[in-house]
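With compact mmCIF, C-alpha atoms and all ligand atoms inside, this is my_file.txt:
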```txt
# COMPACT_ATOMS: atom_id res chain seq x y z
CA MET A 186 46.59 113.07 -238.79
CA ARG A 187 45.98 116.38 -237.05
CA VAL A 188 42.45 116.84 -235.71
CA PRO A 189 41.17 120.23 -236.94
CA PHE A 190 40.50 122.83 -234.26
CA ILE A 191 37.99 125.69 -234.35
CA GLY A 192 37.99 128.20 -231.52
CA GLY A 193 35.41 130.89 -230.88
CA ASN A 194 37.05 133.85 -229.13
CA TRP A 195 34.16 135.83 -227.72
CA LYS A 196 36.51 138.58 -226.46
CA MET A 197 34.87 141.21 -224.22
CA ASN A 198 31.36 140.57 -225.51
CA LEU A 199 28.07 139.11 -224.24
CA THR A 200 26.35 139.26 -220.88
CA ARG A 201 26.13 136.01 -218.94
CA ALA A 202 22.60 135.40 -220.26
CA GLN A 203 23.71 136.04 -223.85
CA ALA A 204 26.71 133.75 -223.39
CA ALA A 205 24.46 130.99 -222.06
CA GLU A 206 22.09 131.44 -225.00
CA LEU A 207 24.92 131.26 -227.55
CA ALA A 208 26.39 128.20 -225.83
CA ALA A 209 22.99 126.50 -225.79
CA GLY A 210 22.65 127.24 -229.52
CA LEU A 211 26.04 125.65 -230.23
CA ARG A 212 25.18 122.64 -228.11
CA ARG A 213 22.04 122.14 -230.20
CA ASP A 214 23.54 122.92 -233.62
CA LEU A 215 26.76 120.99 -233.13
CA ASN A 216 25.14 117.92 -231.62
CA GLY A 217 26.95 114.81 -232.85
CA LEU A 218 30.08 116.75 -233.67
CA ARG A 219 32.96 114.44 -234.44
CA GLN A 220 36.54 114.68 -235.61
CA VAL A 221 36.75 118.45 -235.20
CA GLU A 222 37.79 119.90 -231.86
CA VAL A 223 35.69 122.95 -231.03
CA ALA A 224 36.17 125.28 -228.07
CA VAL A 225 34.63 128.58 -227.09
CA PHE A 226 36.44 131.23 -225.08
CA PRO A 227 33.97 133.38 -223.09
CA ALA A 228 34.93 136.27 -220.81
CA PHE A 229 35.81 134.99 -217.31
CA LEU A 230 32.40 135.89 -215.86
CA SER A 231 30.59 133.98 -218.58
CA ILE A 232 32.62 130.79 -218.21
CA GLU A 233 30.24 129.28 -215.65
CA PRO A 234 26.96 129.98 -217.50
CA ALA A 235 28.57 128.77 -220.75
CA ARG A 236 29.79 125.62 -218.99
CA ALA A 237 26.31 124.87 -217.67
CA ALA A 238 24.74 125.44 -221.09
CA LEU A 239 27.32 123.21 -222.81
CA ASP A 240 26.98 120.36 -220.33
CA GLY A 241 26.95 117.08 -222.25
CA SER A 242 28.14 118.72 -225.46
CA ALA A 243 31.40 118.01 -227.31
CA VAL A 244 32.10 121.76 -227.44
CA ARG A 245 34.92 122.54 -225.03
CA LEU A 246 35.45 125.52 -222.82
CA GLY A 247 38.44 127.86 -222.85
CA ALA A 248 39.67 131.06 -221.21
CA GLN A 249 40.99 134.11 -223.05
CA ASP A 250 43.95 134.61 -220.71
CA LEU A 251 45.45 133.55 -217.39
CA HIS A 252 48.13 134.73 -214.97
CA TRP A 253 51.58 133.09 -214.83
CA GLU A 254 51.43 132.34 -211.11
CA ASP A 255 49.09 129.77 -209.59
CA GLN A 256 47.97 131.98 -206.69
CA GLY A 257 48.93 135.01 -204.65
CA ALA A 258 48.77 138.79 -204.47
CA PHE A 259 47.92 139.60 -208.09
CA THR A 260 44.86 141.80 -207.90
CA GLY A 261 42.45 141.34 -210.77
CA GLU A 262 44.10 138.22 -212.17
CA VAL A 263 42.86 134.65 -212.70
CA SER A 264 45.12 131.58 -212.48
CA GLY A 265 45.38 128.23 -214.20
CA PRO A 266 44.19 126.19 -211.18
CA MET A 267 41.15 128.50 -210.87
CA LEU A 268 40.33 127.89 -214.52
CA ARG A 269 40.69 124.12 -214.13
CA ASP A 270 38.38 124.30 -211.14
CA ALA A 271 35.81 126.12 -213.32
CA GLY A 272 35.84 123.34 -215.94
CA VAL A 273 38.13 125.08 -218.42
CA GLY A 274 40.40 122.96 -220.62
CA HIS A 275 41.96 125.50 -223.00
CA ALA A 276 43.58 128.91 -222.66
CA ILE A 277 44.52 131.54 -225.23
CA VAL A 278 47.95 133.00 -224.58
CA GLY A 279 49.50 136.00 -226.32
CA HIS A 280 46.47 137.24 -228.21
CA SER A 281 47.32 140.30 -230.31
CA GLU A 282 45.00 142.48 -228.23
CA ARG A 283 46.93 141.51 -225.12
CA ARG A 284 50.28 142.08 -226.84
CA HIS A 285 49.43 145.38 -228.51
CA VAL A 286 46.66 146.92 -226.38
CA ILE A 287 47.57 145.62 -222.90
CA GLY A 288 51.32 145.51 -223.58
CA GLU A 289 52.32 141.88 -222.93
CA ASN A 290 55.72 140.85 -224.22
CA ASN A 291 57.18 137.53 -225.32
CA GLU A 292 58.63 136.87 -221.86
CA THR A 293 55.23 137.32 -220.17
CA ILE A 294 53.65 135.10 -222.79
CA ARG A 295 56.24 132.35 -222.25
CA LYS A 296 55.51 132.38 -218.52
CA LYS A 297 51.76 132.20 -219.17
CA LEU A 298 52.20 129.33 -221.59
CA ARG A 299 54.13 127.34 -219.02
CA ALA A 300 51.61 128.17 -216.28
CA ALA A 301 48.75 126.96 -218.46
CA ARG A 302 50.54 123.70 -219.24
CA ARG A 303 51.35 123.23 -215.53
CA SER A 304 47.60 123.31 -214.92
CA GLY A 305 46.99 120.85 -217.74
CA LEU A 306 45.38 123.40 -220.04
CA THR A 307 45.72 123.16 -223.81
CA VAL A 308 47.30 126.40 -225.00
CA VAL A 309 46.34 128.39 -228.07
CA LEU A 310 49.46 130.50 -228.57
CA CYS A 311 48.72 133.51 -230.79
CA VAL A 312 51.34 135.09 -233.00
CA GLY A 313 51.19 137.53 -235.90
CA GLU A 314 52.66 140.66 -237.42
CA LEU A 315 51.40 144.25 -237.45
CA LEU A 316 50.55 145.91 -240.76
CA GLU A 317 53.71 148.05 -240.68
CA GLU A 318 55.83 144.98 -239.98
CA LYS A 319 54.24 143.25 -242.99
CA SER A 320 54.75 146.33 -245.19
CA GLN A 321 58.42 146.46 -244.24
CA GLY A 322 58.87 142.76 -245.00
CA PHE A 323 59.42 141.67 -241.38
CA THR A 324 56.59 139.13 -241.04
CA LYS A 325 58.82 136.07 -240.72
CA GLU A 326 61.23 137.76 -238.30
CA VAL A 327 58.36 138.83 -236.03
CA VAL A 328 56.64 135.46 -236.09
CA GLU A 329 59.91 133.61 -235.57
CA LYS A 330 60.70 135.69 -232.48
CA GLN A 331 57.21 135.23 -231.05
CA VAL A 332 57.18 131.46 -231.55
CA THR A 333 60.79 130.90 -230.47
CA GLN A 334 60.58 132.99 -227.32
CA ALA A 335 57.25 131.50 -226.27
CA LEU A 336 58.49 127.93 -226.66
CA GLU A 337 61.99 128.55 -225.29
CA GLY A 338 62.88 126.07 -222.57
CA THR A 339 59.62 124.13 -222.83
CA SER A 340 59.64 120.36 -222.39
CA PRO A 341 58.12 117.92 -224.91
CA GLN A 342 55.20 117.43 -222.48
CA GLU A 343 54.59 121.17 -222.38
CA ARG A 344 54.76 121.49 -226.17
CA GLU A 345 52.43 118.56 -226.69
CA GLY A 346 49.48 120.65 -225.45
CA VAL A 347 50.18 123.71 -227.58
CA LEU A 348 48.44 124.91 -230.74
CA ILE A 349 49.73 127.93 -232.60
CA ALA A 350 47.25 130.47 -233.96
CA TYR A 351 48.67 132.64 -236.72
CA GLU A 352 46.66 135.85 -236.50
CA PRO A 353 48.06 138.67 -238.63
CA VAL A 354 47.10 141.78 -236.68
CA TRP A 355 46.00 143.65 -239.82
CA ALA A 356 43.42 140.92 -240.46
CA ILE A 357 41.82 140.96 -237.00
CA GLY A 358 38.40 142.60 -236.95
CA THR A 359 39.07 144.39 -240.25
CA GLY A 360 37.28 142.18 -242.75
CA LYS A 361 40.65 141.87 -244.54
CA VAL A 362 41.29 138.14 -244.36
CA ALA A 363 44.74 136.93 -245.44
CA THR A 364 44.74 135.17 -248.79
CA ALA A 365 44.84 131.40 -248.44
CA ASP A 366 48.18 131.41 -250.25
CA TYR A 367 49.75 133.96 -247.89
CA ALA A 368 48.41 132.18 -244.80
CA GLN A 369 49.65 128.81 -246.06
CA LYS A 370 53.17 130.21 -246.56
CA ILE A 371 53.35 131.53 -243.00
CA HIS A 372 51.81 128.37 -241.53
CA HIS A 373 54.41 126.31 -243.38
CA PHE A 374 57.12 128.61 -242.04
CA ILE A 375 55.76 128.17 -238.47
CA ARG A 376 55.70 124.39 -238.81
CA ASN A 377 59.30 124.41 -239.98
CA LEU A 378 60.21 126.61 -237.02
CA VAL A 379 58.69 124.06 -234.65
CA ARG A 380 60.67 121.36 -236.48
CA ARG A 381 63.83 123.33 -235.69
CA ILE A 382 62.91 124.21 -232.07
CA ALA A 383 61.60 120.72 -231.23
CA ASP A 384 61.65 117.90 -233.78
CA GLY A 385 59.89 116.50 -236.84
CA PRO A 386 57.16 114.48 -235.11
CA THR A 387 56.27 117.46 -232.86
CA ALA A 388 56.05 119.75 -235.90
CA ASP A 389 53.94 117.28 -237.85
CA ALA A 390 51.56 116.81 -234.90
CA MET A 391 51.22 120.47 -233.90
CA ARG A 392 48.08 122.22 -235.06
CA VAL A 393 48.64 125.61 -236.65
CA ILE A 394 45.38 127.50 -237.02
CA TYR A 395 44.53 130.79 -238.74
CA GLY A 396 42.75 133.79 -237.22
CA GLY A 397 41.66 137.14 -238.61
CA SER A 398 38.31 137.93 -240.27
CA VAL A 399 37.36 134.26 -240.74
CA THR A 400 33.78 133.85 -242.01
CA PRO A 401 31.60 130.99 -243.29
CA GLU A 402 32.38 132.32 -246.78
CA ASN A 403 36.19 132.27 -246.61
CA ILE A 404 36.89 129.27 -244.34
CA GLY A 405 36.62 126.74 -247.21
CA GLU A 406 39.58 128.14 -249.10
CA LEU A 407 41.69 128.54 -245.97
CA ILE A 408 41.07 125.04 -244.63
CA ALA A 409 41.95 123.53 -248.01
CA GLN A 410 45.59 124.54 -247.40
CA GLU A 411 47.92 121.79 -246.25
CA ASP A 412 49.29 123.56 -243.18
CA ILE A 413 46.06 125.24 -242.01
CA ASP A 414 44.54 123.04 -239.32
CA GLY A 415 41.61 125.18 -238.27
CA ALA A 416 40.72 128.69 -237.19
CA LEU A 417 40.40 131.06 -234.27
CA VAL A 418 37.26 133.03 -234.95
CA GLY A 419 36.32 136.36 -233.37
CA GLY A 420 33.32 138.27 -234.73
CA ALA A 421 31.75 135.34 -236.57
CA SER A 422 31.83 133.22 -233.40
CA LEU A 423 29.25 135.48 -231.73
CA LYS A 424 26.44 134.05 -233.84
CA ALA A 425 25.63 130.35 -233.47
CA ASP A 426 24.60 130.10 -237.11
CA ALA A 427 27.82 131.57 -238.58
CA PHE A 428 30.09 129.65 -236.19
CA THR A 429 28.26 126.38 -236.89
CA ARG A 430 28.67 126.89 -240.63
CA ILE A 431 32.41 127.41 -240.16
CA VAL A 432 32.69 124.22 -238.06
CA ARG A 433 30.64 122.21 -240.56
CA THR A 434 32.76 123.37 -243.50
CA VAL A 435 35.92 122.32 -241.69
CA ALA A 436 34.38 118.98 -240.71
CA GLU A 437 33.40 118.28 -244.33
CA ARG A 438 36.75 119.29 -245.83
CA LYS A 439 39.19 118.07 -243.22
CA GLY A 440 37.51 116.23 -240.40
CA GLY A 441 35.82 113.33 -242.15
CA GLY A 442 32.24 114.47 -241.45
CA ALA A 443 30.33 115.98 -238.51
P1 LIG A 501 37.98 138.41 -235.96
O1 LIG A 501 37.53 137.04 -236.44
O2 LIG A 501 36.86 139.23 -235.43
O3 LIG A 501 38.80 139.11 -237.00
O4 LIG A 501 38.95 138.15 -234.70
C1 LIG A 501 39.99 137.25 -234.82
C2 LIG A 501 40.59 137.03 -233.51
O5 LIG A 501 41.23 137.90 -232.93
C3 LIG A 501 40.39 135.71 -232.88
O6 LIG A 501 41.19 135.56 -231.76
```

Represent the structure contained in this file as structure tokens.
Amino acid sequence: MRVPFIGGNWKMNLTRAQAAELAAGLRRDLNGLRQVEVAVFPAFLSIEPARAALDGSAVRLGAQDLHWEDQGAFTGEVSGPMLRDAGVGHAIVGHSERRHVIGENNETIRKKLRAARRSGLTVVLCVGELLEEKSQGFTKEVVEKQVTQALEGTSPQEREGVLIAYEPVWAIGTGKVATADYAQKIHHFIRNLVRRIADGPTADAMRVIYGGSVTPENIGELIAQEDIDGALVGGASLKADAFTRIVRTVAERKGGGA
């Protein structure tokens, strides 16, 4: 079965000292964690202090972004090999804030996905529709394009290390979580897309996680859905207590105990 995944996307928050403190709290509170994969995604500068604070813990370390080339004249960018060297194992690609605030497109995201896999990083590929796209009934079209174009031309080995995070943009940071029923429908749609793009076993093995205003209070209902394999958590991942409660709920409902 699919191992549930919970990611904490710290976004552009926390000083290095605060990141180390939060990581140390997670190391303590999630001691003995089993059967749920947990990763935190600090800002680049906080990766090293978080790594040191998590040493010996089952909590993994991720990056929020990476460049599509391995090295070269790309001022301000960070590459996959650099992240590997820093002890990073996961990378978020195509987060809505990078698509809609920074202006990344599906082609850029596809290149980043392949670069991350080239460096052996597990990819959390984010997709999701804007409020106006939802209102106009275009959710499935938008998500289909995002998933298809990101996975276009990828090999089975590349796809093996990919998780898809469905993050409806209208739910991110708004307190307006998608209903479990709505999220389940889109997750099911995404899994069927993967079945079409790749094959049945790939679709059945791929983890599709939900993001957007996840809290300790609403995670139980979400994780009870058949096609929801975990969550990508923003705001609630900045407090060890709230994040730990989310992880524990998922472990109890889907992971066989933690
Ligand atoms: P919030 O949990 O703050 O809504 O953020 C979700 C998100 O963007 C995770 O990547």

Legend entry - Point-to-point distance from CA of Asn377 (chain A) to CA of His275 (chain A), Å rounded to tenths: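 Interatomic distance here is 24.3 Å.
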
Which residues are near ligand LIG 501 (chain A) in this structure, taking near to mean any atom at most 6 Å from a ligand atom and counting all atoms listed in the file? Format them as a tab-separated table (two decimals) with C-alpha atoms, in the coordinates of the input.
```tsv
chain	number	residue	atom	x	y	z
A	194	ASN	CA	37.05	133.85	-229.13
A	357	ILE	CA	41.82	140.96	-237.00
A	358	GLY	CA	38.40	142.60	-236.95
A	396	GLY	CA	42.75	133.79	-237.22
A	397	GLY	CA	41.66	137.14	-238.61
A	398	SER	CA	38.31	137.93	-240.27
A	399	VAL	CA	37.36	134.26	-240.74
A	417	LEU	CA	40.40	131.06	-234.27
A	418	VAL	CA	37.26	133.03	-234.95
A	419	GLY	CA	36.32	136.36	-233.37
A	420	GLY	CA	33.32	138.27	-234.73
```

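Of the listed residues (A:Cys311, A:Thr400, A:Phe259, A:Gln334), A:Thr400 comes nearest to Thr429 (chain A); the distances count all atoms listed in the file.
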
Taking only residues of region 330-374 of chain A that have an atom at most 12 Å from an atom of region 278-285 of chain A, what is each one's shortest atom pair and its distance in Å to one decimal, using only C-alpha atoms, in chain and number order, as JSON lines?
```
{"residue": "A:Gln331", "atom": "CA", "partner": "A:Gly279", "partner_atom": "CA", "distance": 9.1}
{"residue": "A:Val332", "atom": "CA", "partner": "A:Gly279", "partner_atom": "CA", "distance": 10.3}
{"residue": "A:Gln334", "atom": "CA", "partner": "A:Gly279", "partner_atom": "CA", "distance": 11.5}
{"residue": "A:Ala335", "atom": "CA", "partner": "A:Gly279", "partner_atom": "CA", "distance": 9.0}
{"residue": "A:Leu336", "atom": "CA", "partner": "A:Val278", "partner_atom": "CA", "distance": 11.9}
{"residue": "A:Val347", "atom": "CA", "partner": "A:Val278", "partner_atom": "CA", "distance": 10.0}
{"residue": "A:Leu348", "atom": "CA", "partner": "A:Val278", "partner_atom": "CA", "distance": 10.2}
{"residue": "A:Ile349", "atom": "CA", "partner": "A:Val278", "partner_atom": "CA", "distance": 9.7}
{"residue": "A:Ala350", "atom": "CA", "partner": "A:His280", "partner_atom": "CA", "distance": 8.9}
{"residue": "A:Tyr351", "atom": "CA", "partner": "A:His280", "partner_atom": "CA", "distance": 9.9}
{"residue": "A:Glu352", "atom": "CA", "partner": "A:Ser281", "partner_atom": "CA", "distance": 7.7}
{"residue": "A:Pro353", "atom": "CA", "partner": "A:Ser281", "partner_atom": "CA", "distance": 8.5}
{"residue": "A:Val354", "atom": "CA", "partner": "A:Ser281", "partner_atom": "CA", "distance": 6.5}
{"residue": "A:Trp355", "atom": "CA", "partner": "A:Ser281", "partner_atom": "CA", "distance": 10.2}
{"residue": "A:Ala356", "atom": "CA", "partner": "A:Ser281", "partner_atom": "CA", "distance": 10.9}
{"residue": "A:Ile357", "atom": "CA", "partner": "A:Ser281", "partner_atom": "CA", "distance": 8.7}
{"residue": "A:Gly358", "atom": "CA", "partner": "A:Glu282", "partner_atom": "CA", "distance": 10.9}
```

Inset, instruction - Rank nothing, just name the residue among A:Glu318, A:Glu411, A:Ile277, A:Ala416 nearest to Gly346 (chain A), using only C-alpha atoms. - result: A:Ile277

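Closest approach to Arg213 (chain A) among A:Pro189, A:Gly241, A:Ile404, A:Asn291: A:Gly241, based on all atoms listed in the file.
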
Inset, instruction - Could you tell me which of A:Ser231, A:Thr260, A:Gln342, A:Gln321 comes closest to Thr307 (chain A) if we count all atoms listed in the file? - result: A:Gln342

Inset, instruction - Pick out the residues sitting within 12 Å of Gln256 (chain A), and hand them over as a list in words; count all atoms listed in the file, and ignore anything fewer than 6 positions along from it in its own chain. - result: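 Contacts, in chain order: Glu262, Val263, Ser264, Gly265, Pro266, Met267, Leu268, Ala300 and Ser304 of chain A.
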
Inset, instruction - For Asn216 (chain A), please output as JSON, numbers by chain all residues within 10 Å (counting all atoms listed in the file; exclusion window: fewer than 4 positions along the same chain). - result: {"A": [210, 211, 212, 241, 242, 243, 244, 443]}

Mind dumping the selected residues with C-alpha atoms as a PDB file, keeping the file's coordinate frame?
```
ATOM      1  CA  GLY A 210      22.650 127.240-229.520  1.00  0.00           C
ATOM      2  CA  LEU A 211      26.040 125.650-230.230  1.00  0.00           C
ATOM      3  CA  ARG A 212      25.180 122.640-228.110  1.00  0.00           C
ATOM      4  CA  GLY A 241      26.950 117.080-222.250  1.00  0.00           C
ATOM      5  CA  SER A 242      28.140 118.720-225.460  1.00  0.00           C
ATOM      6  CA  ALA A 243      31.400 118.010-227.310  1.00  0.00           C
ATOM      7  CA  VAL A 244      32.100 121.760-227.440  1.00  0.00           C
ATOM      8  CA  ALA A 443      30.330 115.980-238.510  1.00  0.00           C
TER       9      ALA A 443
END
```

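Proximity to Ile431 (chain A) was assessed for A:Ala202, A:Ile408, A:Ile394, A:Val327 counting only C-alpha atoms; the smallest distance is recorded for A:Ile408.
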
Inset, instruction - Calculate how many Å separate CA of His373 (chain A) from CA of Thr333 (chain A), rounding to one decimal. - result: 15.1 Å

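Close contacts of Lys297 (chain A), defined as residues with an atom at most 8 Å away when counting all atoms listed in the file, with chain neighbours fewer than 4 positions off set aside, comprise A:Leu251, A:His252, A:Trp253, A:Val278, A:Thr293, A:Ala301.
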
Residue selection dump (C-alpha atoms) as an mmCIF file, keeping the file's coordinate frame:
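Output file again-v9.cif is given in full below:
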```
data_model
loop_
_atom_site.group_PDB
_atom_site.id
_atom_site.type_symbol
_atom_site.label_atom_id
_atom_site.label_comp_id
_atom_site.auth_asym_id
_atom_site.auth_seq_id
_atom_site.Cartn_x
_atom_site.Cartn_y
_atom_site.Cartn_z
ATOM 1 C CA LEU A 251 45.450 133.550 -217.390
ATOM 2 C CA HIS A 252 48.130 134.730 -214.970
ATOM 3 C CA TRP A 253 51.580 133.090 -214.830
ATOM 4 C CA VAL A 278 47.950 133.000 -224.580
ATOM 5 C CA THR A 293 55.230 137.320 -220.170
ATOM 6 C CA ALA A 301 48.750 126.960 -218.460
#
```

Legend entry - Between CA of Gln249 (chain A) and CA of Leu378 (chain A) - distance in Å to one decimal: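 Atom-to-atom, CA of Leu378 (chain A) to CA of Gln249 (chain A), that is 24.9 Å.
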
Legend entry - Selection: 9 Å around Leu199 (chain A), all atoms listed in the file, excl. self and same-chain fewer than 4 positions, as a PyMOL selection string: chain A and resi 195+203-204+227-228+231+423

Saved selection, atoms kept: C-alpha atoms, as a compact mmCIF listing (two decimals), in the frame of the given file:
```
# COMPACT_ATOMS: atom_id res chain seq x y z
CA TRP A 195 34.16 135.83 -227.72
CA GLN A 203 23.71 136.04 -223.85
CA ALA A 204 26.71 133.75 -223.39
CA PRO A 227 33.97 133.38 -223.09
CA ALA A 228 34.93 136.27 -220.81
CA SER A 231 30.59 133.98 -218.58
CA LEU A 423 29.25 135.48 -231.73
```

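Using all atoms listed in the file for every distance, the candidate list A:Ala208, A:Ala258, A:Val223, A:Ile382 yields A:Ala208 as the residue closest to Leu239 (chain A).
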
Legend entry - Protein, DNA and RNA residues within 12 Å of (51.6, 119.7, -236.3), only C-alpha atoms, as an NGL selection string: :A and (186-190 or 344-350 or 372-380 or 383-394 or 411-415)

What would the file look like if the residues just selected were written as a PDB file, keeping the file's coordinate frame with C-alpha atoms?
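This is the output file selection12.pdb:
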```pdb
ATOM      1  CA  MET A 186      46.590 113.070-238.790  1.00  0.00           C
ATOM      2  CA  ARG A 187      45.980 116.380-237.050  1.00  0.00           C
ATOM      3  CA  VAL A 188      42.450 116.840-235.710  1.00  0.00           C
ATOM      4  CA  PRO A 189      41.170 120.230-236.940  1.00  0.00           C
ATOM      5  CA  PHE A 190      40.500 122.830-234.260  1.00  0.00           C
ATOM      6  CA  ARG A 344      54.760 121.490-226.170  1.00  0.00           C
ATOM      7  CA  GLU A 345      52.430 118.560-226.690  1.00  0.00           C
ATOM      8  CA  GLY A 346      49.480 120.650-225.450  1.00  0.00           C
ATOM      9  CA  VAL A 347      50.180 123.710-227.580  1.00  0.00           C
ATOM     10  CA  LEU A 348      48.440 124.910-230.740  1.00  0.00           C
ATOM     11  CA  ILE A 349      49.730 127.930-232.600  1.00  0.00           C
ATOM     12  CA  ALA A 350      47.250 130.470-233.960  1.00  0.00           C
ATOM     13  CA  HIS A 372      51.810 128.370-241.530  1.00  0.00           C
ATOM     14  CA  HIS A 373      54.410 126.310-243.380  1.00  0.00           C
ATOM     15  CA  PHE A 374      57.120 128.610-242.040  1.00  0.00           C
ATOM     16  CA  ILE A 375      55.760 128.170-238.470  1.00  0.00           C
ATOM     17  CA  ARG A 376      55.700 124.390-238.810  1.00  0.00           C
ATOM     18  CA  ASN A 377      59.300 124.410-239.980  1.00  0.00           C
ATOM     19  CA  LEU A 378      60.210 126.610-237.020  1.00  0.00           C
ATOM     20  CA  VAL A 379      58.690 124.060-234.650  1.00  0.00           C
ATOM     21  CA  ARG A 380      60.670 121.360-236.480  1.00  0.00           C
ATOM     22  CA  ALA A 383      61.600 120.720-231.230  1.00  0.00           C
ATOM     23  CA  ASP A 384      61.650 117.900-233.780  1.00  0.00           C
ATOM     24  CA  GLY A 385      59.890 116.500-236.840  1.00  0.00           C
ATOM     25  CA  PRO A 386      57.160 114.480-235.110  1.00  0.00           C
ATOM     26  CA  THR A 387      56.270 117.460-232.860  1.00  0.00           C
ATOM     27  CA  ALA A 388      56.050 119.750-235.900  1.00  0.00           C
ATOM     28  CA  ASP A 389      53.940 117.280-237.850  1.00  0.00           C
ATOM     29  CA  ALA A 390      51.560 116.810-234.900  1.00  0.00           C
ATOM     30  CA  MET A 391      51.220 120.470-233.900  1.00  0.00           C
ATOM     31  CA  ARG A 392      48.080 122.220-235.060  1.00  0.00           C
ATOM     32  CA  VAL A 393      48.640 125.610-236.650  1.00  0.00           C
ATOM     33  CA  ILE A 394      45.380 127.500-237.020  1.00  0.00           C
ATOM     34  CA  GLU A 411      47.920 121.790-246.250  1.00  0.00           C
ATOM     35  CA  ASP A 412      49.290 123.560-243.180  1.00  0.00           C
ATOM     36  CA  ILE A 413      46.060 125.240-242.010  1.00  0.00           C
ATOM     37  CA  ASP A 414      44.540 123.040-239.320  1.00  0.00           C
ATOM     38  CA  GLY A 415      41.610 125.180-238.270  1.00  0.00           C
TER      39      GLY A 415
END
```
